[in-house]
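Source file: my_file27.cif; contents: mmCIF, C-alpha atoms.
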data_entry
#
loop_
_atom_site.label_atom_id
_atom_site.label_comp_id
_atom_site.auth_asym_id
_atom_site.auth_seq_id
_atom_site.Cartn_x
_atom_site.Cartn_y
_atom_site.Cartn_z
CA MET A 948 -2.34 -2.12 27.31
CA PHE A 949 -4.53 0.73 28.47
CA LEU A 950 -5.76 2.28 25.27
CA TYR A 951 -9.42 1.67 24.48
CA THR A 952 -12.13 3.25 22.35
CA LYS A 953 -14.44 5.54 24.29
CA ASN A 954 -18.10 5.00 23.42
CA PHE A 955 -17.28 1.71 21.70
CA GLU A 956 -20.89 0.39 21.97
CA GLU A 957 -22.27 3.61 20.59
CA GLN A 958 -19.83 3.62 17.67
CA LYS A 959 -20.56 -0.02 16.89
CA ALA A 960 -24.33 0.56 16.95
CA LYS A 961 -23.91 3.45 14.53
CA ALA A 962 -21.67 1.40 12.22
CA MET A 963 -24.17 -1.48 12.25
CA GLU A 964 -26.93 0.91 11.29
CA GLY A 965 -24.84 2.14 8.36
CA LEU A 966 -24.09 -1.43 7.32
CA SER A 967 -27.77 -2.43 7.38
CA LYS A 968 -28.55 0.51 5.15
CA ALA A 969 -25.71 -0.31 2.73
CA LEU A 970 -26.83 -3.97 2.61
CA ALA A 971 -30.43 -2.96 1.89
CA GLU A 972 -29.21 -0.75 -0.95
CA GLY A 973 -27.03 -3.51 -2.40
CA LYS A 974 -23.90 -1.43 -1.80
CA VAL A 975 -21.85 -4.17 -0.10
CA ASP A 976 -19.74 -6.55 -2.20
CA GLU A 977 -21.65 -9.86 -2.02
CA ASP A 978 -18.67 -12.12 -1.44
CA ILE A 979 -17.57 -10.23 1.65
CA ILE A 980 -20.91 -10.15 3.49
CA THR A 981 -20.39 -13.37 5.47
CA LEU A 982 -16.97 -12.15 6.60
CA LEU A 983 -18.43 -8.82 7.75
CA GLU A 984 -21.16 -10.67 9.67
CA LYS A 985 -18.58 -12.86 11.39
CA ILE A 986 -16.47 -9.88 12.42
CA ASN A 987 -19.49 -7.93 13.66
CA ALA A 988 -20.64 -10.95 15.69
CA LEU A 989 -17.47 -10.56 17.77
CA GLU A 990 -17.88 -8.54 20.95
CA ASN A 991 -14.83 -6.35 20.48
CA TYR A 992 -14.92 -5.45 16.80
CA PHE A 993 -17.04 -3.81 14.14
CA THR A 994 -16.52 -3.13 10.44
CA THR A 995 -16.71 0.43 9.16
CA SER A 996 -16.02 -0.01 5.45
CA SER A 997 -14.89 -2.70 3.06
CA CYS A 998 -14.16 -3.71 -0.50
CA SER A 999 -13.66 -7.33 -1.53
CA GLY A 1000 -10.97 -6.37 -4.05
CA ARG A 1001 -11.43 -5.41 -7.67
CA ILE A 1002 -10.26 -5.17 -11.23
CA SER A 1003 -11.10 -1.91 -12.97
CA VAL A 1004 -10.58 0.33 -15.97
CA MET A 1005 -10.32 3.95 -14.94
CA GLU A 1006 -10.04 7.28 -16.67
CA MET A 1007 -8.35 10.06 -14.71
CA PRO A 1008 -7.13 13.58 -15.55
CA HIS A 1009 -3.76 12.63 -14.02
CA PHE A 1010 -2.50 9.88 -11.72
CA GLY A 1011 -3.83 10.16 -8.20
CA ASP A 1012 -6.62 12.61 -8.98
CA LYS A 1013 -9.34 10.45 -7.49
CA VAL A 1014 -11.94 13.20 -7.36
CA ASN A 1015 -12.13 13.58 -11.12
CA SER A 1016 -11.62 9.91 -11.93
CA VAL A 1017 -14.30 7.86 -13.68
CA TRP A 1018 -14.64 4.08 -13.67
CA LEU A 1019 -15.28 2.81 -17.18
CA GLY A 1020 -15.54 -0.72 -15.80
CA LYS A 1021 -15.31 -2.24 -12.31
CA TRP A 1022 -15.56 -5.88 -11.27
CA HIS A 1023 -15.26 -7.69 -7.93
CA ARG A 1024 -14.83 -11.01 -9.77
CA GLU A 1025 -12.81 -12.46 -12.64
CA VAL A 1026 -13.31 -10.52 -15.86
CA THR A 1027 -13.43 -11.53 -19.48
CA ILE A 1028 -11.36 -9.90 -22.18
CA GLU A 1029 -14.59 -8.75 -23.83
CA GLU A 1030 -15.73 -6.87 -20.72
CA VAL A 1031 -12.40 -5.09 -20.49
CA PHE A 1032 -12.44 -4.18 -24.19
CA GLU A 1033 -15.94 -2.79 -23.81
CA ALA A 1034 -14.81 -0.57 -20.91
CA ILE A 1035 -11.75 0.62 -22.83
CA GLY A 1036 -14.03 1.51 -25.76
CA LYS A 1037 -15.68 4.16 -23.57
CA HIS A 1038 -12.43 6.07 -23.07
CA LYS A 1039 -12.41 9.67 -24.28
CA SER A 1040 -9.87 11.87 -22.49
CA GLY A 1041 -7.31 11.98 -19.69
CA GLN A 1042 -5.16 9.00 -18.69
CA LEU A 1043 -6.56 5.50 -19.11
CA TRP A 1044 -5.48 2.92 -16.50
CA PHE A 1045 -6.05 -0.77 -15.84
CA LEU A 1046 -6.04 -1.34 -12.10
CA VAL A 1047 -6.15 -4.20 -9.60
CA ARG A 1048 -6.79 -3.46 -5.95
CA SER A 1049 -6.60 -5.94 -3.08
CA PRO A 1050 -9.46 -6.32 -0.60
CA ILE A 1051 -9.54 -3.64 2.06
CA LEU A 1052 -11.41 -3.80 5.35
CA HIS A 1053 -11.53 -1.20 8.08
CA VAL A 1054 -12.35 -2.64 11.49
CA GLY A 1055 -12.91 -0.73 14.72
CA ALA A 1056 -11.53 -2.44 17.83
CA ARG A 1057 -12.47 -2.04 21.49
CA THR A 1058 -8.93 -1.94 22.89
CA LEU A 1059 -5.47 -1.58 21.42
CA GLU A 1060 -4.88 -5.20 22.37
CA ASP A 1061 -7.90 -6.29 20.31
CA ALA A 1062 -6.59 -4.23 17.39
CA VAL A 1063 -3.16 -5.86 17.54
CA LYS A 1064 -4.70 -9.36 17.76
CA LEU A 1065 -6.71 -8.82 14.58
CA LEU A 1066 -3.70 -7.22 12.87
CA ASN A 1067 -1.53 -10.24 13.63
CA LEU A 1068 -4.19 -12.71 12.48
CA ALA A 1069 -4.61 -10.84 9.17
CA ILE A 1070 -0.86 -10.58 8.50
CA GLY A 1071 -0.48 -14.28 9.26
CA LEU A 1072 -3.16 -15.13 6.67
CA GLY A 1073 -1.34 -13.28 3.90
CA PHE A 1074 -2.81 -9.78 4.31
CA LYS A 1075 0.72 -8.41 4.55
CA TYR A 1076 -0.08 -4.72 4.09
CA SER A 1077 -2.40 -4.73 7.12
CA ASN A 1078 -1.75 -2.03 9.68
CA ILE A 1079 -3.26 0.17 12.34
CA LYS A 1080 -4.71 3.15 10.56
CA SER A 1081 -5.56 5.30 13.53
CA VAL A 1082 -4.90 5.09 17.22
CA SER A 1083 -6.76 7.21 19.73
CA HIS A 1084 -9.47 7.04 22.38
CA ARG A 1085 -11.79 8.27 19.66
CA LYS A 1086 -10.92 5.56 17.17
CA LEU A 1087 -8.86 2.35 17.02
CA LEU A 1088 -8.92 1.30 13.42
CA VAL A 1089 -7.32 -1.77 11.84
CA GLU A 1090 -6.82 -1.78 8.09
CA ILE A 1091 -6.70 -5.23 6.48
CA ARG A 1092 -4.99 -5.20 3.07
CA SER A 1093 -3.10 -7.56 0.84
CA THR A 1094 -0.22 -7.06 -1.61
CA GLU A 1095 -1.86 -7.85 -4.95
CA ARG A 1096 -1.99 -4.78 -7.16
CA MET A 1097 -1.61 -3.60 -10.74
CA ASP A 1098 -1.37 -0.06 -12.11
CA VAL A 1099 -1.00 -0.24 -15.87
CA PRO A 1100 -1.28 2.84 -18.12
CA LEU A 1101 -3.23 1.86 -21.24
CA GLY A 1102 -3.40 5.15 -23.11
CA ALA A 1103 -4.39 8.81 -22.98
CA ASP A 1104 -6.70 11.31 -24.66
CA GLY A 1105 -8.50 8.70 -26.69
CA GLU A 1106 -5.33 6.98 -27.90
CA LEU A 1107 -4.52 3.38 -26.93
CA TRP A 1108 -0.84 2.65 -26.28
CA VAL A 1109 -0.99 -1.16 -26.11
CA SER A 1110 -2.04 -4.08 -28.27
CA GLU A 1111 -5.10 -6.30 -27.92
CA ASP A 1112 -2.75 -9.13 -27.14
CA TYR A 1113 -1.15 -7.16 -24.29
CA ILE A 1114 -4.55 -6.49 -22.75
CA ARG A 1115 -5.32 -10.21 -22.99
CA ARG A 1116 -2.14 -10.95 -21.01
CA ILE A 1117 -2.67 -8.38 -18.26
CA VAL A 1118 -6.27 -9.54 -17.82
CA GLY A 1119 -4.86 -13.04 -17.24
CA ILE A 1120 -2.45 -11.76 -14.59
CA ALA A 1121 -5.22 -9.70 -12.97
CA ASN A 1122 -7.51 -12.73 -12.74
CA ASP A 1123 -4.65 -14.70 -11.13
CA GLN A 1124 -4.22 -11.96 -8.53
CA LEU A 1125 -7.97 -11.82 -7.92
CA ARG A 1126 -8.21 -15.58 -7.31
CA ARG A 1127 -5.32 -15.30 -4.88
CA PHE A 1128 -6.82 -12.53 -2.75
CA LYS A 1129 -10.30 -14.08 -2.79
CA GLY A 1130 -8.66 -17.21 -1.34
CA LYS A 1131 -7.16 -15.10 1.44
CA LEU A 1132 -10.61 -13.63 2.20
CA ARG A 1133 -12.04 -17.14 2.55
CA ARG A 1134 -9.28 -18.12 4.97
CA LEU A 1135 -9.89 -14.98 7.02
CA GLU A 1136 -13.58 -15.85 7.12
CA GLU A 1137 -12.70 -19.31 8.49
CA GLU A 1138 -10.23 -18.04 11.08
CA VAL A 1139 -11.71 -14.80 12.39
CA GLY A 1140 -13.93 -16.57 14.93
CA LYS A 1141 -10.76 -17.42 16.87
CA LEU A 1142 -10.62 -13.84 18.09
CA SER A 1143 -13.55 -14.48 20.42
CA GLN A 1144 -11.86 -17.32 22.32
CA SER A 1145 -9.53 -15.48 24.65
CA GLN A 1146 -12.01 -12.98 26.07
CA MET B 654 -1.66 7.31 26.42
CA PHE B 655 0.31 4.82 28.44
CA LEU B 656 1.98 2.66 25.82
CA TYR B 657 5.72 3.16 25.48
CA THR B 658 8.68 1.23 24.10
CA LYS B 659 10.65 -0.61 26.77
CA ASN B 660 14.42 -0.21 26.37
CA PHE B 661 13.90 2.69 23.95
CA GLU B 662 17.43 4.08 24.48
CA GLU B 663 18.96 0.66 23.96
CA GLN B 664 16.98 0.07 20.76
CA LYS B 665 17.86 3.50 19.43
CA ALA B 666 21.56 2.98 20.15
CA LYS B 667 21.47 -0.32 18.29
CA ALA B 668 19.61 1.20 15.33
CA MET B 669 22.12 4.09 15.17
CA GLU B 670 24.96 1.58 15.11
CA GLY B 671 23.29 -0.22 12.19
CA LEU B 672 22.75 3.08 10.39
CA SER B 673 26.41 4.12 10.79
CA LYS B 674 27.47 0.80 9.30
CA ALA B 675 25.01 1.10 6.39
CA LEU B 676 26.20 4.68 5.75
CA ALA B 677 29.84 3.60 5.75
CA GLU B 678 29.02 0.86 3.25
CA GLY B 679 27.12 3.28 0.99
CA LYS B 680 23.89 1.32 1.51
CA VAL B 681 21.68 4.31 2.33
CA ASP B 682 19.96 6.24 -0.47
CA GLU B 683 21.87 9.55 -0.65
CA ASP B 684 18.88 11.84 -0.95
CA ILE B 685 17.30 10.56 2.25
CA ILE B 686 20.35 10.87 4.55
CA THR B 687 19.59 14.41 5.76
CA LEU B 688 16.03 13.39 6.60
CA LEU B 689 17.23 10.36 8.56
CA GLU B 690 19.69 12.56 10.47
CA LYS B 691 16.92 15.02 11.34
CA ILE B 692 14.63 12.26 12.62
CA ASN B 693 17.40 10.63 14.62
CA ALA B 694 18.30 14.00 16.18
CA LEU B 695 14.84 13.96 17.80
CA GLU B 696 14.75 12.60 21.34
CA ASN B 697 11.76 10.33 20.85
CA TYR B 698 12.37 8.73 17.46
CA PHE B 699 14.85 6.64 15.51
CA THR B 700 14.85 5.28 11.98
CA THR B 701 15.18 1.53 11.43
CA SER B 702 15.04 1.24 7.65
CA SER B 703 14.33 3.40 4.65
CA CYS B 704 14.13 3.71 0.90
CA SER B 705 13.85 7.08 -0.86
CA GLY B 706 11.54 5.64 -3.53
CA ARG B 707 12.51 4.03 -6.80
CA ILE B 708 11.86 3.11 -10.38
CA SER B 709 12.90 -0.41 -11.34
CA VAL B 710 12.79 -3.19 -13.92
CA MET B 711 12.34 -6.55 -12.27
CA GLU B 712 12.26 -10.16 -13.36
CA MET B 713 10.25 -12.53 -11.18
CA PRO B 714 9.12 -16.15 -11.52
CA HIS B 715 5.57 -15.00 -10.69
CA PHE B 716 4.03 -11.89 -9.13
CA GLY B 717 4.87 -11.46 -5.48
CA ASP B 718 7.70 -14.01 -5.39
CA LYS B 719 10.20 -11.58 -3.94
CA VAL B 720 12.70 -14.23 -2.94
CA ASN B 721 13.42 -15.28 -6.51
CA SER B 722 13.08 -11.83 -8.03
CA VAL B 723 16.01 -10.11 -9.72
CA TRP B 724 16.41 -6.40 -10.38
CA LEU B 725 17.56 -5.79 -13.93
CA GLY B 726 17.67 -2.06 -13.22
CA LYS B 727 16.94 0.08 -10.15
CA TRP B 728 17.12 3.85 -9.79
CA HIS B 729 16.36 6.25 -6.93
CA ARG B 730 16.24 9.16 -9.39
CA GLU B 731 14.69 10.01 -12.75
CA VAL B 732 15.63 7.51 -15.44
CA THR B 733 16.30 7.83 -19.13
CA ILE B 734 14.62 5.70 -21.75
CA GLU B 735 18.03 4.28 -22.67
CA GLU B 736 18.69 3.03 -19.13
CA VAL B 737 15.32 1.30 -19.06
CA PHE B 738 15.88 -0.31 -22.48
CA GLU B 739 19.27 -1.55 -21.33
CA ALA B 740 17.70 -3.20 -18.27
CA ILE B 741 14.93 -4.77 -20.35
CA GLY B 742 17.59 -6.16 -22.68
CA LYS B 743 18.87 -8.32 -19.83
CA HIS B 744 15.55 -10.15 -19.45
CA LYS B 745 15.68 -13.92 -19.95
CA SER B 746 12.85 -15.77 -18.17
CA GLY B 747 9.91 -15.38 -15.81
CA GLN B 748 7.67 -12.28 -15.71
CA LEU B 749 9.18 -8.91 -16.57
CA TRP B 750 7.77 -5.90 -14.67
CA PHE B 751 8.30 -2.14 -14.66
CA LEU B 752 7.76 -0.86 -11.12
CA VAL B 753 7.55 2.40 -9.22
CA ARG B 754 7.64 2.37 -5.43
CA SER B 755 7.07 5.34 -3.14
CA PRO B 756 9.54 6.21 -0.39
CA ILE B 757 9.20 4.09 2.71
CA LEU B 758 10.57 4.90 6.16
CA HIS B 759 10.25 2.86 9.33
CA VAL B 760 10.57 4.93 12.48
CA GLY B 761 10.62 3.68 16.06
CA ALA B 762 8.82 5.96 18.54
CA ARG B 763 9.21 6.26 22.30
CA THR B 764 5.50 6.39 23.15
CA LEU B 765 2.28 5.70 21.31
CA GLU B 766 1.62 9.44 21.45
CA ASP B 767 4.93 10.14 19.69
CA ALA B 768 4.02 7.53 17.05
CA VAL B 769 0.63 9.13 16.39
CA LYS B 770 2.19 12.63 16.17
CA LEU B 771 4.62 11.51 13.47
CA LEU B 772 1.87 9.58 11.68
CA ASN B 773 -0.33 12.67 11.52
CA LEU B 774 2.51 14.90 10.33
CA ALA B 775 3.38 12.44 7.53
CA ILE B 776 -0.23 12.02 6.39
CA GLY B 777 -0.66 15.80 6.36
CA LEU B 778 2.38 16.18 4.08
CA GLY B 779 0.96 13.79 1.48
CA PHE B 780 2.29 10.46 2.75
CA LYS B 781 -1.25 9.11 2.73
CA TYR B 782 -0.43 5.41 3.10
CA SER B 783 1.40 6.02 6.37
CA ASN B 784 0.35 3.84 9.28
CA ILE B 785 1.41 2.22 12.51
CA LYS B 786 3.09 -1.03 11.57
CA SER B 787 3.44 -2.56 15.00
CA VAL B 788 2.24 -1.64 18.44
CA SER B 789 3.68 -3.22 21.55
CA HIS B 790 5.97 -2.49 24.47
CA ARG B 791 8.66 -4.20 22.41
CA LYS B 792 8.20 -2.04 19.35
CA LEU B 793 6.22 1.04 18.29
CA LEU B 794 6.85 1.38 14.60
CA VAL B 795 5.54 4.08 12.25
CA GLU B 796 5.60 3.37 8.53
CA ILE B 797 5.76 6.46 6.28
CA ARG B 798 4.57 5.75 2.74
CA SER B 799 3.04 7.62 -0.16
CA THR B 800 0.54 6.64 -2.87
CA GLU B 801 2.67 6.80 -6.02
CA ARG B 802 3.07 3.36 -7.55
CA MET B 803 3.22 1.54 -10.87
CA ASP B 804 3.11 -2.19 -11.57
CA VAL B 805 3.30 -2.73 -15.31
CA PRO B 806 3.85 -6.18 -16.88
CA LEU B 807 6.26 -5.77 -19.81
CA GLY B 808 6.65 -9.36 -20.98
CA ALA B 809 7.56 -12.91 -20.04
CA ASP B 810 10.03 -15.66 -20.86
CA GLY B 811 12.17 -13.48 -23.07
CA GLU B 812 9.23 -12.04 -25.02
CA LEU B 813 8.36 -8.32 -24.88
CA TRP B 814 4.62 -7.52 -24.91
CA VAL B 815 4.80 -3.76 -25.43
CA SER B 816 6.21 -1.29 -27.94
CA GLU B 817 9.21 0.99 -27.56
CA ASP B 818 6.80 3.90 -27.67
CA TYR B 819 4.78 2.48 -24.77
CA ILE B 820 7.92 2.16 -22.65
CA ARG B 821 8.77 5.77 -23.45
CA ARG B 822 5.34 6.82 -22.15
CA ILE B 823 5.43 4.85 -18.91
CA VAL B 824 8.95 6.11 -18.18
CA GLY B 825 7.51 9.63 -18.49
CA ILE B 826 4.73 8.84 -16.02
CA ALA B 827 7.20 7.16 -13.65
CA ASN B 828 9.48 10.21 -13.67
CA ASP B 829 6.46 12.41 -12.88
CA GLN B 830 5.60 10.20 -9.91
CA LEU B 831 9.22 10.23 -8.74
CA ARG B 832 9.43 14.03 -8.84
CA ARG B 833 6.22 14.18 -6.84
CA PHE B 834 7.33 11.88 -4.02
CA LYS B 835 10.82 13.43 -3.85
CA GLY B 836 9.03 16.75 -3.28
CA LYS B 837 7.10 15.19 -0.39
CA LEU B 838 10.38 13.93 1.13
CA ARG B 839 11.80 17.45 1.00
CA ARG B 840 8.73 18.85 2.77
CA LEU B 841 8.99 16.17 5.44
CA GLU B 842 12.65 17.09 5.90
CA GLU B 843 11.63 20.71 6.44
CA GLU B 844 8.80 19.94 8.85
CA VAL B 845 10.00 17.02 10.95
CA GLY B 846 11.87 19.26 13.39
CA LYS B 847 8.47 20.45 14.65
CA LEU B 848 8.08 17.16 16.50
CA SER B 849 10.66 18.26 19.07
CA GLN B 850 8.78 21.38 20.14
CA SER B 851 6.15 19.98 22.45
CA GLN B 852 8.42 17.89 24.67
#

Write out the structure in this file as structure tokens.
Amino acid sequence: MFLYTKNFEEQKAKAMEGLSKALAEGKVDEDIITLLEKINALENYFTTSSCSGRISVMEMPHFGDKVNSVWLGKWHREVTIEEVFEAIGKHKSGQLWFLVRSPILHVGARTLEDAVKLLNLAIGLGFKYSNIKSVSHRKLLVEIRSTERMDVPLGADGELWVSEDYIRRIVGIANDQLRRFKGKLRRLEEEVGKLSQSQ
Amino acid sequence: MFLYTKNFEEQKAKAMEGLSKALAEGKVDEDIITLLEKINALENYFTTSSCSGRISVMEMPHFGDKVNSVWLGKWHREVTIEEVFEAIGKHKSGQLWFLVRSPILHVGARTLEDAVKLLNLAIGLGFKYSNIKSVSHRKLLVEIRSTERMDVPLGADGELWVSEDYIRRIVGIANDQLRRFKGKLRRLEEEVGKLSQSQ
């Protein structure tokens, strides 16, 4: 395959600078740092952004309006019922949602072949929604994503539509999903070093 | 860009044969047929699978176990409250979920450049989760997907966790999402012909 990223070294250096800054400011999810370091230690890859997956309570004017959305609570770990209730208590207007999002990593690759190798590794480890996000000489970007997800409307305009018991149940399901995708992240961390072998 | 699909004509012929069969058997969502025809009329593309987006009620042993999941109700159009209640009434065991899924189209492309052109068109028309699913000489596959989605637990093992009123509300939100992604499909149908101009 002939497609490769022009100025790969330059792009990687810039991304590493951004990462150092984000790390210094505590803006990187703690449980993903080792994985990022392992990927960035590889000659042909660098990370550009990441989230280790999360459970959240969000208020938004209407579904999909990210710009005007506000997180009332956000956790990259298992949550307790009490934490979720506390977040819900802050709700005032708009739609209130309980959300689970899988981990997401964006990784720049040197060549298209490198991109496809990482894509296949990730899919094989259970990150089934992984894909190639952009393909050009300017940017070869792999997106690593898993299938776990919840989008549950809880209420609107200050009114709650569900019972305390219901919230207890969906928090249980969300924590199950979180444990599952954190396990996948650990496996990726163990396996990603393999990508250096065939160079 | 140098990457292209080997045996493109052969693959397209085979895909068209499969599509004819699926059409004859009524297995293709009606409101997506014109779009598929327009894509397949283009020299450098062919569709391999598609869904026009749907609202469903599903019973599954646990989240993500697709193999043992059963649809109690599935609609590629707006639903009524009564239809959803009827589906819920069939629930017996496992987890009961109310789901919305955006349209999804898989499109084979002749060259990587063709793939990227379609990807950019789709993203520009609001199909923001579109991506390149696989990249090789064997297969260049674009996935067209949008962001609308709901995953709402309704109950388990015969027990319902939510009120009738809650179901009424989430059906309203689901119908909103459906109208939105059907609108995107119509715009894609109008615009996809543009991809033939620069050849």

Using all atoms listed in the file - which residues lie no farther than 6 Å from the point (2.5, 0.2, 23.2) in the file's frame? Write them as a list in words.
Leu656, Tyr657, Leu765, Val788, Ser789 and His790 of chain B

Suppose we keep C-alpha atoms; can you now write the selection as a PDB file, in the coordinates of the input?
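Contents of result_0.pdb, freshly written:
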ATOM      1  CA  LEU B 656       1.980   2.660  25.820  1.00  0.00           C
ATOM      2  CA  TYR B 657       5.720   3.160  25.480  1.00  0.00           C
ATOM      3  CA  LEU B 765       2.280   5.700  21.310  1.00  0.00           C
ATOM      4  CA  VAL B 788       2.240  -1.640  18.440  1.00  0.00           C
ATOM      5  CA  SER B 789       3.680  -3.220  21.550  1.00  0.00           C
ATOM      6  CA  HIS B 790       5.970  -2.490  24.470  1.00  0.00           C
TER       7      HIS B 790
END

If we count all atoms listed in the file, which residues of chain A reach to within 9 Å of chain B? Please list them as a PyMOL selection string.
chain A and resi 948-950+1010-1011+1059-1060+1063+1066+1076-1084+1094-1102+1108-1110+1112-1113+1116-1117+1120+1124

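The interatomic distance for the pair CA of Ile1091 in chain A and CA of Trp750 in chain B works out to 25.6 Å.
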
List, as a PyMOL selection string, every residue that the PyMOL selection byres ((chain A and resi 1019) around 12) selects in the file provided.
chain A and resi 1002-1007+1016-1018+1020-1022+1030-1040+1042-1046

Result set of the PyMOL selection byres ((chain A and resi 1125) around 9) on the coordinates above, as a ChimeraX atom specification
/A:1000-1002,1023-1025,1047-1049,1095,1120-1124,1126-1130

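Note on the selection: in this file the PyMOL selection byres ((chain A and resi 958) around 12) comes out as Thr952, Lys953, Asn954, Phe955, Glu956, Glu957, Lys959, Ala960, Lys961, Ala962, Met963, Glu964, Gly965, Asn991, Tyr992, Phe993, Thr994, Thr995, Val1054, Gly1055, Ala1056, Arg1057, His1084, Arg1085, Lys1086, Leu1087 and Leu1088 of chain A.
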
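Atom pair CA of His1053 in chain A / CA of Cys998 in chain A: separated by 9.3 Å.
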
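A straight line drawn from CA of Leu989 in chain A to CA of Gly1073 in chain A is 21.4 Å long.
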
Can you pull out the residues contacting range 841-848 of chain B? Cut-off 7 Å, using only C-alpha atoms, and skip same-chain residues under 3 positions away; I want them as a list in words.
Leu688, Lys691, Ile692, Leu778, Lys837, Leu838 and Ser851 of chain B

How big is the axis-aligned box around the listed atoms of range 694-697 of chain B once 3 Å is added on each side, and where is its centre? Give both in Å to one decimal, as lines of an AutoDock Vina configuration file.
center_x = 15.0
center_y = 12.2
center_z = 18.8
size_x = 12.5
size_y = 9.7
size_z = 11.2

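All protein, DNA and RNA residues at most 6 Å from (-11.7, -4.7, 0.4) are Ser997, Cys998, Ser999, Gly1000, Pro1050, Ile1051 and Leu1052 of chain A, using all atoms listed in the file.
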
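If only C-alpha atoms are the atoms counted, then among B:Arg840, B:Asn693, B:Ile686, B:Lys680 the closest residue to Ala775 in chain B is B:Arg840.
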
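For Lys1075 in chain A, the residues within 7 Å (counting all atoms listed in the file, excluding itself and residues fewer than 5 positions away along the chain) are A:Ile1070, A:Arg1092, A:Ser1093, A:Thr1094.
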
Reconstruct all heavy atoms of range 988-993 of chain A; output as a compact mmCIF listing (two decimals), in the coordinates of the input.
# COMPACT_ATOMS: atom_id res chain seq x y z
N ALA A 988 -20.12 -10.09 14.62
CA ALA A 988 -20.64 -10.95 15.69
C ALA A 988 -19.68 -11.00 16.88
O ALA A 988 -20.06 -11.40 17.97
CB ALA A 988 -20.88 -12.36 15.14
N LEU A 989 -18.45 -10.57 16.67
CA LEU A 989 -17.47 -10.56 17.77
C LEU A 989 -17.74 -9.35 18.67
O LEU A 989 -18.07 -8.26 18.19
CB LEU A 989 -16.05 -10.48 17.20
CG LEU A 989 -15.62 -11.66 16.31
CD1 LEU A 989 -14.31 -11.34 15.58
CD2 LEU A 989 -15.46 -12.93 17.15
N GLU A 990 -17.56 -9.57 19.97
CA GLU A 990 -17.88 -8.54 20.95
C GLU A 990 -17.03 -7.27 20.80
O GLU A 990 -17.49 -6.18 21.10
CB GLU A 990 -17.65 -9.15 22.33
CG GLU A 990 -18.49 -8.57 23.43
CD GLU A 990 -18.07 -9.18 24.77
OE1 GLU A 990 -17.73 -10.38 24.79
OE2 GLU A 990 -18.08 -8.43 25.75
N ASN A 991 -15.78 -7.45 20.39
CA ASN A 991 -14.83 -6.35 20.48
C ASN A 991 -14.45 -5.70 19.15
O ASN A 991 -13.46 -4.97 19.08
CB ASN A 991 -13.56 -6.83 21.19
CG ASN A 991 -13.86 -7.30 22.59
OD1 ASN A 991 -14.81 -6.84 23.20
ND2 ASN A 991 -13.07 -8.23 23.09
N TYR A 992 -15.25 -5.98 18.12
CA TYR A 992 -14.92 -5.45 16.80
C TYR A 992 -16.17 -5.01 16.06
O TYR A 992 -17.25 -5.53 16.31
CB TYR A 992 -14.21 -6.51 15.95
CG TYR A 992 -12.93 -7.04 16.54
CD1 TYR A 992 -12.94 -8.20 17.31
CD2 TYR A 992 -11.73 -6.38 16.34
CE1 TYR A 992 -11.77 -8.69 17.87
CE2 TYR A 992 -10.55 -6.86 16.88
CZ TYR A 992 -10.58 -8.02 17.65
OH TYR A 992 -9.43 -8.51 18.21
N PHE A 993 -15.98 -4.09 15.11
CA PHE A 993 -17.04 -3.81 14.14
C PHE A 993 -16.41 -3.28 12.86
O PHE A 993 -15.38 -2.61 12.88
CB PHE A 993 -18.06 -2.81 14.69
CG PHE A 993 -17.52 -1.46 15.04
CD1 PHE A 993 -17.49 -0.43 14.11
CD2 PHE A 993 -17.02 -1.21 16.32
CE1 PHE A 993 -16.98 0.83 14.43
CE2 PHE A 993 -16.50 0.04 16.65
CZ PHE A 993 -16.48 1.05 15.71
